[in-house]
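*Asks:* Before anything else, here's the structure in question.
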Amino acid sequence: MTEAQLKEIIFKVLGRIAPEADLDQLDPHANVREALDIDSFDHLNFLISLHEELGVEIPEADYGQLTTLADIVRYLSARVR
Amino acid sequence: MSEFRMPSLGTDMEAGTLIEWKVKPGDRVKRGDIIADVETDKGIIEVEVFEDGVIDQILVAPDTTVPVGTALAVIRTLGAPAGPSAELPVAERSSIAAEPQVQPRLEAGRPAIQPPPVAPPMAAPARRLRASPLARKLAAELGVDLRNVQGTGPDGAIERADVERAAAAMKAAEKPTAAPVSPPSAAPPAEVKPAAPDFQARMRRAIAAAMARSNREIPHYYLETRIDMSRALRWLEAENQKRSIKERLLPVVLLIKAVARALGDVPDLNGYWIDDRLQLQEAIHIGFAIALRQGGLVIPAIHHADLKSLDELMAVLHDVIPRVRAGRLRSSEVADATITVTNLGDLGVEVVYGVIYPPQVALVGLGKITEQPWAENGMLGIRPILTATLAADHRATDGHRGGQFLESLNRHLQEPAKL
């Protein structure tokens, strides 16, 4: 899967969680939770949805590697089949 | 026969707009069924029915705004004794008996329930009804229309005894007319067409009214304590490692459960201040504050939080939070919280000094868990620390009781496996 395809899936999931957000304006190096005002419950749902879409199981210990959009794309690219 | 009325879904709800009926005359309903959608300041609420029966008549058409207490439908009950609490377990009955219903404030100029210029002059909210919360609750239970009750309290306020008298008079009047085809209460209720929806402004106004009342009436006292969360977080981490992502627990469910357990130890904080006295509630329904991203907040009740497992509490959050955000709550969820928990830890806030949601008597504030220096047994270490605060009503409890609650909360969080 290309990075562009991954980003599209991430945006689809984020769009469901924060429908009002203008994701095109999201700085790839900004903290996604802070930028989009995502609380811990929505963050968990975000990861659950990524798991459902991509089949990637994200252990809790890895949450720290998923701070920015760039981080998330990098993390998923390394694991998605 | 009994009337299904526009419920009071929170401290300052005065009116609601019936959006849609989920039932039609002839339909059989049972307690807990959702029979209508009502729009309020808290969004669209799915209103549950409190008894088994058959829908006899629909009295209010969709898109109609009516004051709290207005009969919406007539239900033919099925052999069950009348009254909403007839068959509830004791714990639930006691919670309903003191369901927060307070004197409405019918300020002039509330656009949501202002009649349009062409409306008949009978718009119900025009007259301010003065009635004690207990009188309102009793009136709702007994099916008494407060507009027809003569108050004998201060400034003509309606009190409990006035409602009981009116109920007795109503009963006496009903006896001769066996099975009335159209009972007097089935007359078209006072109707006011809804103004253009301005949901956020209305929610803001509802919060403003509740919080202003809280600050005006409730002598708050505040206590805070720092809680070492290392045991709880270690336990949670180990637990989550065993689970798939869908089954993972968030730290907040431990906190909610620990609050519920602590309320079991110190029940004085679980109740309402109504009619100048503390009315303790047996059931522990924790109102969990959920912020809406467009602004405002909604506080759904997590029913019987003390009796739910951590998995069940997590399931409740998965069920209720999306419905809060979509504005789809059920009437019981918005009406009967016995205490509020507000968790601002996600934002990096360390200490929360809350404003109590009347008529509740306490609010528990939870901050962010941060690494902090911690001295124990003469040793200094770094620990994940949560600052928990209690805002409590000094009319209902004293600092000593509040301190016991926070101590109990701490104790339960040191034994996470038992939560």
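Residue numbering restarts at 1 for every chain of the structure tokens, chains are lettered A, B, ... in their displayed order, and ligands are numbered from 1 as they appear.
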Might you pull out every residue within 7 Å of segment 14-27 of chain B, with only C-alpha atoms counted and same-chain residues fewer than 3 positions away left off, and present them as an NGL selection string?
*Replies:* :B and (35-40 or 54-58 or 62-68 or 104)
*Asks:* Counting only C-alpha atoms, which residues from chain A have an atom at most 8 Å from any atom of chain B, and could you show them as a ChimeraX atom specification?
*Replies:* /A:37,39-41,47-48,51,57-60
*Asks:* Report as a PyMOL selection string: the residues of chain A with a DSSP assignment of helix (DSSP H, G or I), based on the backbone of this structure.
*Replies:* chain A and resi 3-17+23-25+32-36+40-54+60-65+69-79
*Asks:* Go ahead and compute the interatomic distance for atom CA of Gln200 of chain B and atom CA of Asp24 of chain A, in Å to one decimal.
*Replies:* 26.3 Å
*Asks:* Between B:Met229, B:Ala210, B:Ala167, B:Leu59, which residue has the minimum interatomic distance to His412 of chain B, considering only C-alpha atoms?
*Replies:*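 Comparing B:Met229, B:Ala210, B:Ala167, B:Leu59 against His412 of chain B, the winner is B:Met229.
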